[in-house]
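Colleague: The file below is query_30.txt, compact mmCIF, C-alpha atoms and all ligand atoms:
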# COMPACT_ATOMS: atom_id res chain seq x y z
CA MET P 18 65.18 5.42 190.48
CA LEU P 19 65.31 2.34 188.27
CA LYS P 20 63.20 4.31 185.81
CA VAL P 21 65.85 6.95 185.22
CA ASN P 22 66.36 7.96 181.61
CA ALA P 23 63.44 5.74 180.67
CA PHE P 24 61.61 6.04 177.36
CA GLN P 25 58.06 7.38 177.86
CA PRO P 26 55.39 5.79 175.63
CA GLU P 27 53.94 9.24 174.83
CA GLN P 28 57.23 10.00 173.00
CA ALA P 29 56.48 7.22 170.49
CA ALA P 30 54.80 9.60 168.03
CA ALA P 31 58.21 11.09 167.21
CA LEU P 32 59.61 7.70 166.12
CA ASP P 33 59.38 6.04 162.72
CA ALA P 34 56.80 3.34 162.00
CA ALA P 35 59.21 0.38 162.25
CA GLU P 36 60.44 1.41 165.72
CA ARG P 37 56.92 2.13 166.94
CA SER P 38 55.86 -1.33 165.85
CA LEU P 39 58.83 -2.98 167.61
CA ILE P 40 58.08 -1.07 170.82
CA GLU P 41 54.42 -2.07 170.63
CA ARG P 42 55.38 -5.75 170.12
CA ARG P 43 57.78 -5.61 173.03
CA GLN P 44 55.18 -4.05 175.27
CA ARG P 45 52.61 -6.66 174.27
CA LEU P 46 54.97 -9.60 174.85
CA LEU P 47 57.09 -8.50 177.82
CA GLY P 48 54.46 -6.52 179.69
CA PRO P 49 54.84 -3.26 181.59
CA ALA P 50 57.76 -3.93 183.96
CA TYR P 51 60.56 -3.40 181.44
CA GLN P 52 62.04 -0.03 180.53
CA LEU P 53 63.84 1.24 177.45
CA PHE P 54 66.55 3.88 177.71
CA TYR P 55 66.40 7.28 175.97
CA ASP P 56 63.67 9.44 174.42
CA ASN P 57 64.80 7.86 171.16
CA PRO P 58 65.42 4.19 172.08
CA LEU P 59 68.43 2.40 170.66
CA HIS P 60 68.20 -0.70 168.51
CA LEU P 61 71.67 -2.23 168.68
CA VAL P 62 72.86 -5.20 166.68
CA ARG P 63 76.61 -5.44 167.21
CA GLY P 64 79.38 -4.45 169.62
CA ALA P 65 83.18 -4.40 169.33
CA GLY P 66 85.62 -2.95 171.87
CA THR P 67 84.26 0.37 173.13
CA TRP P 68 81.73 0.72 170.28
CA LEU P 69 78.15 -0.37 169.72
CA TYR P 70 76.39 -0.34 166.32
CA ASP P 71 72.70 0.09 165.51
CA THR P 72 70.57 -1.35 162.71
CA ALA P 73 71.63 1.47 160.37
CA GLY P 74 75.31 0.79 161.07
CA ARG P 75 75.71 3.95 163.15
CA ALA P 76 78.47 3.72 165.79
CA TYR P 77 77.98 4.72 169.43
CA LEU P 78 80.85 5.16 171.86
CA ASP P 79 79.80 3.22 174.95
CA LEU P 80 80.44 4.94 178.29
CA TYR P 81 77.58 3.20 180.03
CA ASN P 82 77.80 -0.58 179.78
CA ASN P 83 80.26 -1.71 182.42
CA VAL P 84 79.28 -5.36 181.94
CA ALA P 85 81.22 -5.98 178.74
CA SER P 86 84.05 -4.32 180.60
CA VAL P 87 87.02 -5.83 178.74
CA GLY P 88 85.34 -4.73 175.51
CA HIS P 89 82.21 -5.79 173.63
CA SER P 90 82.46 -9.28 172.14
CA HIS P 91 86.11 -9.61 173.18
CA PRO P 92 87.55 -12.33 170.88
CA ARG P 93 89.38 -14.18 173.66
CA VAL P 94 86.28 -14.34 175.85
CA VAL P 95 84.12 -15.42 172.91
CA GLU P 96 86.68 -18.08 171.98
CA ALA P 97 86.87 -19.44 175.56
CA LEU P 98 83.08 -19.59 175.73
CA ALA P 99 82.70 -21.33 172.36
CA ARG P 100 85.50 -23.83 173.05
CA GLN P 101 84.07 -24.93 176.40
CA ALA P 102 80.47 -24.92 175.14
CA ALA P 103 81.55 -27.24 172.31
CA ALA P 104 83.22 -29.62 174.80
CA LEU P 105 80.97 -29.84 177.86
CA ASN P 106 78.59 -27.84 180.02
CA THR P 107 77.19 -29.37 183.18
CA HIS P 108 77.18 -28.03 186.76
CA THR P 109 79.10 -28.11 190.02
CA ARG P 110 77.95 -31.60 191.03
CA TYR P 111 80.64 -33.21 188.87
CA LEU P 112 84.40 -32.95 189.19
CA HIS P 113 85.85 -30.42 186.77
CA GLU P 114 89.20 -28.63 186.85
CA GLY P 115 87.86 -25.57 185.06
CA VAL P 116 85.87 -24.23 188.00
CA LEU P 117 88.81 -24.85 190.34
CA ASP P 118 91.32 -23.14 188.04
CA TYR P 119 88.98 -20.19 187.91
CA ALA P 120 88.36 -20.21 191.68
CA GLU P 121 92.12 -20.17 192.32
CA LYS P 122 92.74 -17.32 189.91
CA LEU P 123 89.85 -15.27 191.30
CA LEU P 124 90.80 -15.83 194.95
CA ALA P 125 94.38 -14.85 194.11
CA THR P 126 93.11 -11.33 193.32
CA MET P 127 91.71 -11.03 196.89
CA PRO P 128 93.26 -10.73 200.34
CA ALA P 129 94.25 -14.18 201.64
CA GLN P 130 91.60 -14.05 204.40
CA LEU P 131 88.88 -14.43 201.75
CA GLY P 132 89.54 -18.09 201.12
CA ASN P 133 86.31 -19.48 199.67
CA VAL P 134 84.35 -18.56 196.56
CA MET P 135 80.77 -19.49 195.60
CA PHE P 136 79.20 -18.98 192.19
CA THR P 137 75.81 -17.64 191.17
CA CYS P 138 74.40 -16.23 187.93
CA THR P 139 73.47 -12.72 189.06
CA GLY P 140 74.63 -10.09 191.50
CA SER P 141 71.20 -10.24 193.14
CA GLU P 142 71.67 -13.92 193.96
CA ALA P 143 75.19 -13.23 195.19
CA ASN P 144 73.87 -10.60 197.63
CA ASP P 145 70.99 -12.86 198.62
CA LEU P 146 73.42 -15.66 199.46
CA ALA P 147 75.75 -13.26 201.28
CA LEU P 148 72.81 -12.08 203.37
CA ARG P 149 71.87 -15.63 204.30
CA ILE P 150 75.47 -16.42 205.30
CA ALA P 151 75.82 -13.20 207.31
CA ARG P 152 72.55 -13.78 209.14
CA ASP P 153 73.48 -17.37 209.88
CA TYR P 154 76.92 -16.44 211.23
CA THR P 155 75.90 -13.46 213.34
CA GLY P 156 72.48 -14.67 214.48
CA GLY P 157 71.37 -11.13 213.63
CA THR P 158 68.93 -9.89 211.01
CA GLY P 159 69.61 -6.13 210.79
CA VAL P 160 71.27 -4.70 207.69
CA ILE P 161 72.50 -1.15 207.09
CA VAL P 162 72.44 0.17 203.52
CA THR P 163 72.67 3.60 201.91
CA ARG P 164 69.67 5.73 200.96
CA TYR P 165 69.75 5.14 197.20
CA ALA P 166 71.49 1.79 197.25
CA TYR P 167 70.76 -0.89 194.69
CA HIS P 168 71.81 -4.43 195.53
CA GLY P 169 69.43 -6.49 193.40
CA MET P 170 66.03 -7.93 192.66
CA THR P 171 65.32 -11.02 194.77
CA ALA P 172 62.55 -10.56 197.34
CA ALA P 173 65.04 -10.28 200.22
CA ILE P 174 67.45 -7.99 198.38
CA ALA P 175 64.81 -5.69 196.86
CA GLU P 176 63.77 -5.03 200.48
CA LEU P 177 67.18 -3.55 201.17
CA SER P 178 67.57 -1.71 197.86
CA PRO P 179 65.85 1.64 198.46
CA SER P 180 66.45 2.75 194.87
CA VAL P 181 63.94 0.15 193.64
CA GLY P 182 61.36 2.71 194.79
CA ASP P 183 58.63 3.14 197.35
CA TYR P 184 56.45 0.44 195.84
CA VAL P 185 58.76 -2.18 197.37
CA PRO P 186 58.77 -1.58 201.12
CA LEU P 187 62.03 -1.61 203.05
CA GLY P 188 62.38 -4.61 205.34
CA ARG P 189 61.61 -4.13 209.03
CA ASP P 190 65.20 -4.90 209.99
CA ILE P 191 66.78 -2.60 207.41
CA ARG P 192 68.25 0.77 208.39
CA VAL P 193 69.16 3.40 205.83
CA VAL P 194 72.02 5.89 206.06
CA ASP P 195 73.01 8.69 203.67
CA ALA P 196 75.88 7.94 201.34
CA PRO P 197 79.16 9.58 202.31
CA VAL P 198 79.34 13.22 201.28
CA HIS P 199 82.05 14.64 199.02
CA LEU P 200 84.08 17.16 201.06
CA PRO P 201 87.29 17.99 199.20
CA GLN P 202 87.94 20.80 201.72
CA ALA P 203 87.58 18.54 204.78
CA PRO P 204 88.24 14.96 203.65
CA GLN P 205 88.80 13.64 207.16
CA ARG P 206 85.18 14.50 208.03
CA VAL P 207 83.74 12.16 205.37
CA GLY P 208 84.46 8.95 207.26
CA GLN P 209 83.49 10.50 210.61
CA LEU P 210 80.11 11.66 209.31
CA PHE P 211 79.38 8.33 207.68
CA ALA P 212 80.42 6.37 210.78
CA ALA P 213 78.23 8.60 212.99
CA GLN P 214 75.20 7.64 210.89
CA VAL P 215 76.12 3.97 211.03
CA ARG P 216 76.46 4.17 214.84
CA ALA P 217 73.05 5.84 215.05
CA ALA P 218 71.54 3.07 212.89
CA LEU P 219 73.10 0.43 215.15
CA ALA P 220 71.70 2.18 218.22
CA ASP P 221 68.27 2.31 216.63
CA MET P 222 68.42 -1.41 215.86
CA GLN P 223 69.35 -2.11 219.47
CA ARG P 224 66.43 -0.02 220.71
CA HIS P 225 64.12 -2.13 218.55
CA GLY P 226 65.60 -5.45 219.64
CA ILE P 227 67.25 -6.09 216.26
CA ARG P 228 70.69 -7.68 216.21
CA PRO P 229 72.89 -6.43 213.37
CA ALA P 230 73.95 -8.85 210.65
CA ALA P 231 75.80 -6.57 208.25
CA LEU P 232 76.72 -3.26 206.74
CA LEU P 233 76.22 -3.78 202.99
CA VAL P 234 77.63 -1.13 200.67
CA ASP P 235 78.64 -0.70 197.06
CA THR P 236 82.20 0.50 197.69
CA LEU P 237 81.85 3.28 195.08
CA PHE P 238 78.27 4.18 196.09
CA THR P 239 77.40 4.19 192.41
CA SER P 240 73.61 4.42 192.61
CA ASP P 241 73.86 7.06 195.34
CA GLY P 242 75.70 9.30 192.85
CA VAL P 243 79.33 7.94 192.93
CA PHE P 244 81.32 8.71 196.07
CA ALA P 245 84.96 7.67 196.08
CA ASP P 246 87.05 10.07 198.15
CA PRO P 247 88.96 10.08 200.31
CA ALA P 248 90.04 6.46 200.03
CA GLY P 249 89.73 4.98 203.53
CA PHE P 250 86.53 6.73 204.59
CA LEU P 251 84.76 3.39 205.17
CA VAL P 252 87.13 2.19 207.90
CA GLU P 253 85.48 3.83 210.90
CA ALA P 254 81.97 2.67 209.94
CA VAL P 255 83.15 -0.90 209.38
CA GLU P 256 84.84 -0.89 212.79
CA ALA P 257 81.58 0.26 214.39
CA VAL P 258 79.57 -2.52 212.71
CA ARG P 259 82.06 -5.18 213.69
CA ALA P 260 82.15 -3.93 217.28
CA ALA P 261 78.36 -4.40 217.36
CA GLY P 262 78.68 -8.00 216.10
CA GLY P 263 77.84 -7.38 212.44
CA LEU P 264 79.79 -8.18 209.28
CA PHE P 265 80.99 -6.01 206.42
CA ILE P 266 79.74 -7.07 203.00
CA ALA P 267 81.42 -5.25 200.11
CA ASP P 268 79.21 -5.18 197.02
CA GLU P 269 81.75 -5.11 194.19
CA VAL P 270 79.24 -5.67 191.41
CA GLN P 271 80.02 -2.19 190.06
CA PRO P 272 83.49 -1.23 191.38
CA GLY P 273 85.18 -4.64 191.00
CA PHE P 274 87.46 -6.16 188.38
CA GLY P 275 89.93 -3.30 188.06
CA ARG P 276 87.52 -0.48 187.33
CA THR P 277 88.87 1.86 190.03
CA GLY P 278 92.28 1.76 188.35
CA THR P 279 94.42 1.71 191.46
CA HIS P 280 93.03 -1.61 192.69
CA MET P 281 91.29 -4.73 191.49
CA TRP P 282 88.52 -4.26 194.11
CA GLY P 283 86.87 -1.12 195.46
CA PHE P 284 87.26 -2.19 199.10
CA GLN P 285 91.05 -2.25 198.65
CA ARG P 286 90.99 1.55 198.22
CA HIS P 287 89.82 1.65 201.84
CA GLY P 288 92.52 -0.69 203.14
CA LEU P 289 89.78 -3.03 204.37
CA VAL P 290 89.35 -6.79 204.26
CA PRO P 291 85.59 -7.46 204.09
CA ASP P 292 83.90 -10.52 205.59
CA LEU P 293 82.09 -11.18 202.32
CA VAL P 294 82.58 -9.73 198.84
CA THR P 295 79.85 -9.98 196.22
CA MET P 296 80.48 -9.55 192.50
CA GLY P 297 78.84 -9.93 189.10
CA LYS P 298 78.32 -7.74 186.02
CA PRO P 299 81.84 -7.54 184.46
CA MET P 300 82.81 -10.95 185.84
CA GLY P 301 81.65 -12.74 182.66
CA ASN P 302 81.87 -9.77 180.26
CA GLY P 303 78.16 -10.26 179.49
CA HIS P 304 77.87 -13.97 180.26
CA PRO P 305 75.68 -14.40 183.39
CA LEU P 306 78.37 -15.07 185.96
CA ALA P 307 78.40 -13.74 189.53
CA GLY P 308 79.37 -14.89 192.99
CA LEU P 309 80.90 -14.13 196.34
CA THR P 310 84.07 -14.66 198.29
CA VAL P 311 83.98 -15.18 202.02
CA ARG P 312 86.19 -15.87 205.01
CA PRO P 313 86.10 -19.67 205.51
CA GLU P 314 85.32 -19.37 209.24
CA ILE P 315 82.20 -17.37 208.40
CA LEU P 316 81.00 -19.89 205.83
CA GLU P 317 81.81 -22.94 207.95
CA ARG P 318 78.52 -23.62 209.71
CA PHE P 319 76.25 -22.37 206.94
CA GLY P 320 78.15 -24.46 204.40
CA ARG P 321 77.84 -27.58 206.51
CA ASN P 322 74.15 -27.20 207.29
CA ALA P 323 72.70 -25.46 204.26
CA SER P 324 74.29 -27.20 201.30
CA TYR P 325 74.30 -24.97 198.26
CA PHE P 326 73.47 -25.61 194.63
CA ASN P 327 72.91 -23.24 191.75
CA THR P 328 72.02 -24.97 188.49
CA PHE P 329 73.98 -22.62 186.24
CA GLY P 330 76.34 -20.95 188.73
CA GLY P 331 79.96 -22.00 188.27
CA ASN P 332 79.33 -24.30 185.32
CA PRO P 333 82.29 -25.17 183.06
CA VAL P 334 81.36 -22.63 180.39
CA SER P 335 80.97 -19.84 182.95
CA ALA P 336 84.28 -20.80 184.55
CA ALA P 337 86.04 -20.70 181.16
CA VAL P 338 84.55 -17.28 180.47
CA GLY P 339 85.45 -15.94 183.93
CA LEU P 340 89.00 -17.17 183.57
CA ALA P 341 89.35 -15.57 180.15
CA VAL P 342 88.10 -12.24 181.56
CA LEU P 343 90.73 -12.29 184.33
CA GLN P 344 93.44 -13.20 181.82
CA VAL P 345 92.45 -10.37 179.49
CA ILE P 346 92.44 -7.84 182.36
CA GLU P 347 95.97 -8.99 183.21
CA ASP P 348 97.41 -9.40 179.72
CA GLU P 349 96.03 -6.13 178.37
CA GLY P 350 96.92 -4.12 181.49
CA LEU P 351 93.31 -2.98 181.80
CA GLN P 352 93.43 -1.97 185.47
CA GLU P 353 96.35 0.35 184.72
CA ASN P 354 94.52 1.60 181.64
CA ALA P 355 91.52 2.40 183.84
CA ARG P 356 93.82 4.40 186.13
CA LEU P 357 95.53 6.38 183.37
CA VAL P 358 92.60 6.95 181.02
CA GLY P 359 90.24 7.45 183.97
CA ALA P 360 92.49 10.25 185.28
CA GLN P 361 92.53 11.87 181.85
CA LEU P 362 88.74 11.63 181.57
CA LYS P 363 88.24 13.06 185.06
CA GLU P 364 90.62 15.92 184.38
CA GLY P 365 88.79 16.72 181.14
CA LEU P 366 85.44 16.69 182.92
CA GLU P 367 86.79 18.92 185.69
CA GLY P 368 87.90 21.36 182.97
CA LEU P 369 84.40 21.37 181.45
CA ALA P 370 82.88 21.83 184.92
CA ARG P 371 85.03 24.95 185.45
CA ASP P 372 83.78 26.45 182.17
CA ASN P 373 80.12 25.38 182.40
CA ALA P 374 78.05 26.48 185.38
CA CYS P 375 75.59 23.62 184.91
CA LEU P 376 78.27 21.06 185.81
CA GLY P 377 79.07 20.74 189.52
CA GLN P 378 81.19 18.24 191.42
CA VAL P 379 83.14 15.64 189.47
CA ARG P 380 83.66 12.48 191.55
CA GLY P 381 84.97 9.02 191.00
CA ALA P 382 87.87 6.63 190.71
CA GLY P 383 89.41 5.12 187.59
CA LEU P 384 86.81 4.61 184.90
CA PHE P 385 83.76 5.27 187.08
CA ILE P 386 82.90 8.95 187.21
CA GLY P 387 79.87 10.90 188.39
CA VAL P 388 79.32 14.54 187.41
CA ASP P 389 76.59 16.56 189.12
CA VAL P 390 74.32 18.66 186.94
CA VAL P 391 73.14 21.75 188.80
CA ALA P 392 70.80 24.71 188.31
CA PRO P 393 72.10 28.32 188.61
CA SER P 394 70.99 28.19 192.28
CA GLY P 395 73.30 25.21 192.80
CA ALA P 396 70.34 22.86 193.28
CA ALA P 397 70.32 19.42 191.67
CA ASP P 398 68.97 19.58 188.12
CA GLY P 399 67.76 16.15 187.03
CA ALA P 400 65.85 17.53 184.02
CA THR P 401 69.00 19.02 182.49
CA ALA P 402 70.95 15.83 183.27
CA ARG P 403 68.33 13.90 181.33
CA ARG P 404 68.61 16.35 178.43
CA ILE P 405 72.39 15.99 178.37
CA VAL P 406 72.11 12.19 178.30
CA ASN P 407 69.62 12.30 175.42
CA LEU P 408 71.56 14.91 173.43
CA LEU P 409 74.72 12.83 173.86
CA ARG P 410 72.86 9.80 172.55
CA GLU P 411 72.08 11.80 169.40
CA GLU P 412 75.82 12.63 169.23
CA GLY P 413 76.58 8.89 169.34
CA MET P 414 77.78 8.85 172.97
CA LEU P 415 76.12 6.66 175.60
CA ILE P 416 76.07 7.56 179.30
CA GLY P 417 73.50 7.32 182.12
CA VAL P 418 72.41 9.11 185.29
CA SER P 419 72.35 8.22 188.96
CA GLY P 420 72.02 9.76 192.41
CA ALA P 421 69.34 11.01 194.76
CA ASP P 422 67.93 13.51 192.25
CA ASN P 423 68.91 11.64 189.09
CA ASN P 424 71.22 14.53 188.37
CA ALA P 425 74.63 12.81 188.42
CA LEU P 426 75.90 11.89 184.97
CA LYS P 427 77.06 8.29 185.30
CA ILE P 428 80.11 7.61 183.16
CA ARG P 429 81.63 4.11 183.23
CA PRO P 430 83.11 3.01 179.92
CA GLN P 431 84.82 -0.26 179.09
CA LEU P 432 88.20 -0.74 180.74
CA CYS P 433 89.83 -0.62 177.28
CA PHE P 434 88.62 2.98 176.78
CA SER P 435 91.42 4.91 175.04
CA ALA P 436 92.87 8.41 175.21
CA GLN P 437 91.32 9.00 171.79
CA ASN P 438 87.91 7.87 173.11
CA VAL P 439 88.26 10.44 175.92
CA GLU P 440 88.83 13.22 173.38
CA GLN P 441 85.87 12.03 171.30
CA PHE P 442 83.60 12.05 174.34
CA LEU P 443 84.75 15.41 175.72
CA GLY P 444 84.29 17.00 172.28
CA ALA P 445 80.73 15.68 172.08
CA LEU P 446 79.92 16.79 175.62
CA GLN P 447 81.21 20.26 174.84
CA ARG P 448 78.92 20.47 171.80
CA VAL P 449 75.97 19.28 173.89
CA LEU P 450 76.65 21.83 176.65
CA ARG P 451 76.60 24.61 174.04
CA GLN P 452 73.12 23.48 172.93
CA LEU P 453 71.59 23.80 176.42
C1 LIG A 501 75.80 -2.59 193.17
C2 LIG A 501 74.94 -3.66 192.57
N1 LIG A 501 74.70 -4.79 193.26
C3 LIG A 501 73.94 -5.78 192.78
C4 LIG A 501 73.33 -5.66 191.54
C5 LIG A 501 72.45 -6.77 191.03
O1 LIG A 501 73.07 -7.46 190.00
P1 LIG A 501 72.19 -8.30 188.97
O2 LIG A 501 71.46 -7.35 188.09
O3 LIG A 501 73.21 -9.12 188.22
O4 LIG A 501 71.28 -9.18 189.75
C6 LIG A 501 73.55 -4.52 190.78
C7 LIG A 501 72.92 -4.38 189.44
O5 LIG A 501 72.82 -3.33 188.87
C8 LIG A 501 74.37 -3.49 191.31
O6 LIG A 501 74.59 -2.37 190.62
Would you encode the structure as structure tokens?
Ligand SMILES: Cc1ncc(COP(=O)(O)O)c(C=O)c1O

Modeller:
Amino acid sequence: MLKVNAFQPEQAAALDAAERSLIERRQRLLGPAYQLFYDNPLHLVRGAGTWLYDTAGRAYLDLYNNVASVGHSHPRVVEALARQAAALNTHTRYLHEGVLDYAEKLLATMPAQLGNVMFTCTGSEANDLALRIARDYTGGTGVIVTRYAYHGMTAAIAELSPSVGDYVPLGRDIRVVDAPVHLPQAPQRVGQLFAAQVRAALADMQRHGIRPAALLVDTLFTSDGVFADPAGFLVEAVEAVRAAGGLFIADEVQPGFGRTGTHMWGFQRHGLVPDLVTMGKPMGNGHPLAGLTVRPEILERFGRNASYFNTFGGNPVSAAVGLAVLQVIEDEGLQENARLVGAQLKEGLEGLARDNACLGQVRGAGLFIGVDVVAPSGAADGATARRIVNLLREEGMLIGVSGADNNALKIRPQLCFSAQNVEQFLGALQRVLRQL
């Protein structure tokens, strides 16, 4: 799954000598674990707003990189970073107002019950810490995740991220459930079906003497193929987990920071208050900033007994960057932009899906949209999805794929994506569909 849309070395013959040499050097220095995207890999040198530029100066409209979510190289974020880096950068073992100003502003975006925030550098570390806190509080070890979930790369978190692939075994205490299905004709069934699986997983844990610690989900199920509707479908499953003594951890690494348009956080679409919320990616607009928020009563004992330190997490530069990101989201109305432009993009994609048999369901919220690519039989068609992604790259449009069969086009542009950008993308997609 992590190898989706990966460059295959046997495609190198089609590339020019300079690119082949760079790929060879990379392979020699970085070893075999890293992947490049696209049959024709990109060599980018600059980004601004919703655009990326390659060595030849060619522009690419970016509908993939949700990290620089307020726009590539946003001047206010860059300025905040440079100003604080020029003044001081240490860590959280000294008094500094910056980290507290940021903590206050971040917590103010959350329900009041989530009263504490802790900082890390990656989403993986945030989930790892959340897992430790949940296991400490509940005394349980069992975790329920979805079948193609991705929550990160630490040893503990890779064991509960099935999409890392079979080579990394699932932990003994991990139970996997299918992501919620998309049932526009029977929306009330979505939550019931998901909760039934969660109850079965809890029963299976009990049978094996495993106490549950948490249900951990990405609230937009982005690596499962993007499942957003109907808002509220998570409630019944969360109730079941809590009744069994477990916690609800909302992984907001992908849906958070206004991307869903209607809310700042994906869990808010479900009317839920999680026990822990993990976040990362867009939090620092590209600067490595991540963390979690938690109910103070859940953190209390862990915090007292297992004191926490992260060398880079929550340092003054990261705090300045994080604060600037929140201010930009607010000042530029980016959450509302995600709602309006996301609706326009979704509507356009639904129109294309009506006219093109190879496009199936269109799902998503705000500026995170998944579009299934299907064969004439209706079966998932990962090969055609891959072709579409690569043809779009040649058109100067960057998207990705996700889902069980790698057949869901994954479309998640910067939050400053404009109505004009939507038209540019839909035009390109239409041209690509005609080439199939
Ligand atoms: C839902 C989700 N959780 C956690 C992570 C891990 O974040 P990081 O790569 O910053 O460790 C990712 C990364 O893709 C993610 O998509």

Colleague: Pick out the residues no farther than 6 Å from ligand LIG 501 (chain A), counting all atoms listed in the file, and list them as a ChimeraX atom specification.

Modeller: /P:139-141,167-169,235,268,270-271,297-298

Colleague: Counting all atoms listed in the file, which residue out of P:Pro247, P:Pro49, P:Gly275, P:Gly157 sits closest to P:Met127?

Modeller: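 The shortest atom-to-atom distance to P:Met127 comes from P:Gly275.
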
Colleague: Could you check how far atom CA of P:His287 sits from atom CA of P:Lys363, in Å to one decimal?

Modeller: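 Spanning atom CA of P:His287 to atom CA of P:Lys363 is a straight-line distance of 20.4 Å.
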
Colleague: Got a sec: who's within 7 Å of P:Val62, counting only C-alpha atoms, leaving out chain neighbours fewer than 3 positions off, as a PDB file with C-alpha atoms, in the coordinates of the input?

Modeller:
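As a result, around-v9.pdb now contains:
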ATOM      1  CA  TYR P  70      76.390  -0.340 166.320  1.00  0.00           C
ATOM      2  CA  ASP P  71      72.700   0.090 165.510  1.00  0.00           C
ATOM      3  CA  THR P  72      70.570  -1.350 162.710  1.00  0.00           C
TER       4      THR P  72
END

Colleague: Counting only C-alpha atoms, find the residues whose atoms lie at most 9 Å from (69.3, 2.9, 170.0) (file coordinates) and write them out as a CSV table (one decimal) with C-alpha atoms, in the coordinates of the input.

Modeller:
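Dumped everything to selection.csv:
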chain,number,residue,atom,x,y,z
P,54,PHE,CA,66.6,3.9,177.7
P,55,TYR,CA,66.4,7.3,176.0
P,57,ASN,CA,64.8,7.9,171.2
P,58,PRO,CA,65.4,4.2,172.1
P,59,LEU,CA,68.4,2.4,170.7
P,60,HIS,CA,68.2,-0.7,168.5
P,61,LEU,CA,71.7,-2.2,168.7
P,70,TYR,CA,76.4,-0.3,166.3
P,71,ASP,CA,72.7,0.1,165.5
P,72,THR,CA,70.6,-1.4,162.7
P,77,TYR,CA,78.0,4.7,169.4
P,410,ARG,CA,72.9,9.8,172.6

Colleague: At what distance in Å, to one decimal, does atom CA of P:Gly339 lie from atom CA of P:Asn322?

Modeller: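 These two atoms are separated by 28.3 Å.
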
Colleague: In the coordinates of the file, take the point (86.9, -3.0, 190.1) and a cut-off of 12 Å; then, counting only C-alpha atoms, name each qualifying protein, DNA or RNA residue as a PyMOL selection string.

Modeller: chain P and resi 83-84+86-87+126-127+235-237+267-286+294-300+343+346+351-353+355-356+382-385+429+431-432

Colleague: Would you put the residues from that selection into a file with C-alpha atoms, as a compact mmCIF listing (two decimals), in the frame of the given file?

Modeller:
# COMPACT_ATOMS: atom_id res chain seq x y z
CA ASN P 83 80.26 -1.71 182.42
CA VAL P 84 79.28 -5.36 181.94
CA SER P 86 84.05 -4.32 180.60
CA VAL P 87 87.02 -5.83 178.74
CA THR P 126 93.11 -11.33 193.32
CA MET P 127 91.71 -11.03 196.89
CA ASP P 235 78.64 -0.70 197.06
CA THR P 236 82.20 0.50 197.69
CA LEU P 237 81.85 3.28 195.08
CA ALA P 267 81.42 -5.25 200.11
CA ASP P 268 79.21 -5.18 197.02
CA GLU P 269 81.75 -5.11 194.19
CA VAL P 270 79.24 -5.67 191.41
CA GLN P 271 80.02 -2.19 190.06
CA PRO P 272 83.49 -1.23 191.38
CA GLY P 273 85.18 -4.64 191.00
CA PHE P 274 87.46 -6.16 188.38
CA GLY P 275 89.93 -3.30 188.06
CA ARG P 276 87.52 -0.48 187.33
CA THR P 277 88.87 1.86 190.03
CA GLY P 278 92.28 1.76 188.35
CA THR P 279 94.42 1.71 191.46
CA HIS P 280 93.03 -1.61 192.69
CA MET P 281 91.29 -4.73 191.49
CA TRP P 282 88.52 -4.26 194.11
CA GLY P 283 86.87 -1.12 195.46
CA PHE P 284 87.26 -2.19 199.10
CA GLN P 285 91.05 -2.25 198.65
CA ARG P 286 90.99 1.55 198.22
CA VAL P 294 82.58 -9.73 198.84
CA THR P 295 79.85 -9.98 196.22
CA MET P 296 80.48 -9.55 192.50
CA GLY P 297 78.84 -9.93 189.10
CA LYS P 298 78.32 -7.74 186.02
CA PRO P 299 81.84 -7.54 184.46
CA MET P 300 82.81 -10.95 185.84
CA LEU P 343 90.73 -12.29 184.33
CA ILE P 346 92.44 -7.84 182.36
CA LEU P 351 93.31 -2.98 181.80
CA GLN P 352 93.43 -1.97 185.47
CA GLU P 353 96.35 0.35 184.72
CA ALA P 355 91.52 2.40 183.84
CA ARG P 356 93.82 4.40 186.13
CA ALA P 382 87.87 6.63 190.71
CA GLY P 383 89.41 5.12 187.59
CA LEU P 384 86.81 4.61 184.90
CA PHE P 385 83.76 5.27 187.08
CA ARG P 429 81.63 4.11 183.23
CA GLN P 431 84.82 -0.26 179.09
CA LEU P 432 88.20 -0.74 180.74

Colleague: Which residues, written as a list in words, have at least one atom at most 12 Å from P:Ala31, with all atoms listed in the file counted and residues fewer than 5 positions away on the same chain left out?

Modeller: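 Here the answer would be Phe24, Gln25, Pro26, Glu36, Arg37, Asp56, Asn57 and Pro58 of chain P.
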
Colleague: Given the choices P:Ala35, P:Leu362, P:Leu232, P:Leu316, which gets closest to P:Arg149 if the distance is worked out from all atoms listed in the file?

Modeller: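 Counting all atoms listed in the file, the residue closest to P:Arg149 is P:Leu316.
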
Colleague: Considering only C-alpha atoms, tabulate each residue of stretch 256-371 of chain P that lies at most 7 Å from stretch 108-111 of chain P along with its nearest interatomic pair and the corresponding distance in Å to one decimal; arrange the rows by chain and ascending residue number and present them as a Markdown table.

Modeller:
| residue | atom | partner | partner_atom | distance |
| --- | --- | --- | --- | --- |
| P:Thr328 | CA | P:His108 | CA | 6.2 |
| P:Phe329 | CA | P:His108 | CA | 6.3 |
| P:Gly331 | CA | P:Thr109 | CA | 6.4 |
| P:Asn332 | CA | P:His108 | CA | 4.5 |
| P:Pro333 | CA | P:His108 | CA | 6.9 |

Colleague: Nearest residue to P:Asp118 out of P:Asn407, P:Gln344, P:Asn373, P:Asn354, using all atoms listed in the file?

Modeller: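 Once distances to P:Asp118 are computed over all atoms listed in the file, the minimum belongs to P:Gln344.
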